[in-house]
Amino acid sequence: QVQLVESGGGLVQAGGSLRLSCAASGRTFSRYPMGWFRRPPGKEREFLAAISWSAGSTYYVESVEGRFTISRDNAKNTVYLQMNNLKPEDTAVYYCAADSTSRSSWYLSRQQSEYDYWGQGTQVTVSS
C-alpha cells in the first residue's frame, strides 16, 4: 500500500512560481514511475508530467513544457513539481500519482490508467 500526500499549493499571481511536493509512504517508492496531474475547475483531470523511477527520463505535455519541471528524491520518498511562469489557466487541483507495476528504469507512465495510487490533491490558484 502506498499513501501520497501533496503540499505546496496556494494562491500566486500570474508569472509567479510554486513548488509542489508529494511525499510517499512505502519502501518501494523508489521503483515506481510517478506522475503529476491536474483538474481545472469544471474539467476532467489531465496528465501533466511523468518521471521514471530512476529519474533518468521525464516527459511533459506541451502546455507545461518549459515552465514545469518534475523531479524526485528517492532517498526522501518525494516527488516534486516546480512550476514557473504560472498562468491563470494553470488554476486547478494538482495530484500526484504512483504506478506500482514493475517497470524498467526508463519507463514513463503517461496514461491515467497506469496509475494505481493517488494523492488527495492540492489547490493551485493563479490570479491575473
# chains A, B, ... in the order shown; residues from 1 in each chain; ligands from 1
>>> residues_around(residues="A:Asp116", least_positions_apart="5", cutoff="7 Å", atoms="only C-alpha atoms", output="MDAnalysis selection string")
chainID A and resid 98:100
>>> select_by_dssp(residues="chain A", states="helix (DSSP H, G or I)", output="list in words")
Phe29, Ser30, Arg31, Asn74, Ala75, Lys76, Pro88, Glu89, Asp90, Gln112, Ser113 and Glu114 of chain A
>>> closest_residue(among="A:Thr58, A:Ser71, A:Ser52, A:Thr101", to="A:Ser113", atoms="only C-alpha atoms")
A:Thr101
>>> closest_residue(among="A:Phe47, A:Phe37, A:Tyr60, A:Tyr80", to="A:Ser7", atoms="only C-alpha atoms")
A:Tyr80
>>> residues_around(residues="A:Leu18", least_positions_apart="4", cutoff="12 Å", atoms="only C-alpha atoms", output="count of residues only")
27
>>> closest_residue(among="A:Ser57, A:Gln112, A:Gln3, A:Ser17", to="A:Arg38", atoms="only C-alpha atoms")
A:Gln112
>>> select_by_dssp(residues="stretch 6-91 of chain A", states="strand (DSSP E or B)", output="PyMOL selection string")
chain A and resi 6-7+10-13+18-24+34-39+46-51+58-60+65+68-73+78-83
>>> write_last_selection(atoms="C-alpha atoms", output="compact mmCIF listing (two decimals), in the first residue's frame")
# COMPACT_ATOMS: atom_id res chain seq x y z
CA GLU A 6 0.69 16.61 -1.80
CA SER A 7 1.64 20.00 -0.42
CA GLY A 10 -1.66 28.12 -2.81
CA LEU A 11 -2.54 31.46 -4.37
CA VAL A 12 0.01 33.09 -6.65
CA GLN A 13 -0.03 35.93 -9.16
CA LEU A 18 5.26 27.39 -6.84
CA ARG A 19 6.87 24.09 -5.96
CA LEU A 20 4.58 21.20 -5.20
CA SER A 21 5.79 18.25 -3.18
CA CYS A 22 4.37 14.76 -2.98
CA ALA A 23 5.50 12.70 -0.02
CA ALA A 24 5.07 8.94 -0.35
CA MET A 34 5.46 8.90 -10.82
CA GLY A 35 3.26 11.48 -12.44
CA TRP A 36 1.54 14.80 -11.87
CA PHE A 37 -1.99 15.56 -12.97
CA ARG A 38 -4.43 18.41 -12.51
CA ARG A 39 -8.17 19.01 -12.60
CA GLU A 46 -5.46 15.84 -17.18
CA PHE A 47 -1.95 14.44 -17.29
CA LEU A 48 0.93 16.93 -16.98
CA ALA A 49 4.27 15.23 -16.44
CA ALA A 50 5.91 11.91 -15.66
CA ILE A 51 9.25 10.74 -14.30
CA THR A 58 10.94 12.77 -17.87
CA TYR A 59 8.01 13.76 -20.06
CA TYR A 60 5.79 16.83 -20.23
CA GLU A 65 6.85 22.02 -21.14
CA PHE A 68 7.18 22.97 -15.21
CA THR A 69 9.88 20.60 -14.01
CA ILE A 70 9.26 17.21 -12.44
CA SER A 71 11.92 15.71 -10.22
CA ARG A 72 12.25 13.18 -7.43
CA ASP A 73 14.38 12.38 -4.43
CA THR A 78 9.32 12.62 -2.52
CA VAL A 79 8.48 13.82 -5.99
CA TYR A 80 8.33 17.49 -6.90
CA LEU A 81 6.74 19.72 -9.48
CA GLN A 82 8.43 23.08 -9.91
CA MET A 83 6.03 25.45 -11.66
>>> closest_residue(among="A:Glu89, A:Glu114, A:Lys43, A:Gly121", to="A:Val64", atoms="only C-alpha atoms")
A:Glu89
>>> closest_residue(among="A:Lys76, A:Gln1, A:Arg45, A:Ala97", to="A:Gly26", atoms="only C-alpha atoms")
A:Gln1
>>> atom_distance(atom1="atom CA of A:Thr28", atom2="atom CA of A:Ser105")
13.4 Å
>>> atom_distance(atom1="atom CA of A:Val5", atom2="atom CA of A:Gly119")
5.3 Å
>>> closest_residue(among="A:Gly16, A:Gly56, A:Pro88, A:Gly42", to="A:Ser128", atoms="only C-alpha atoms")
A:Pro88
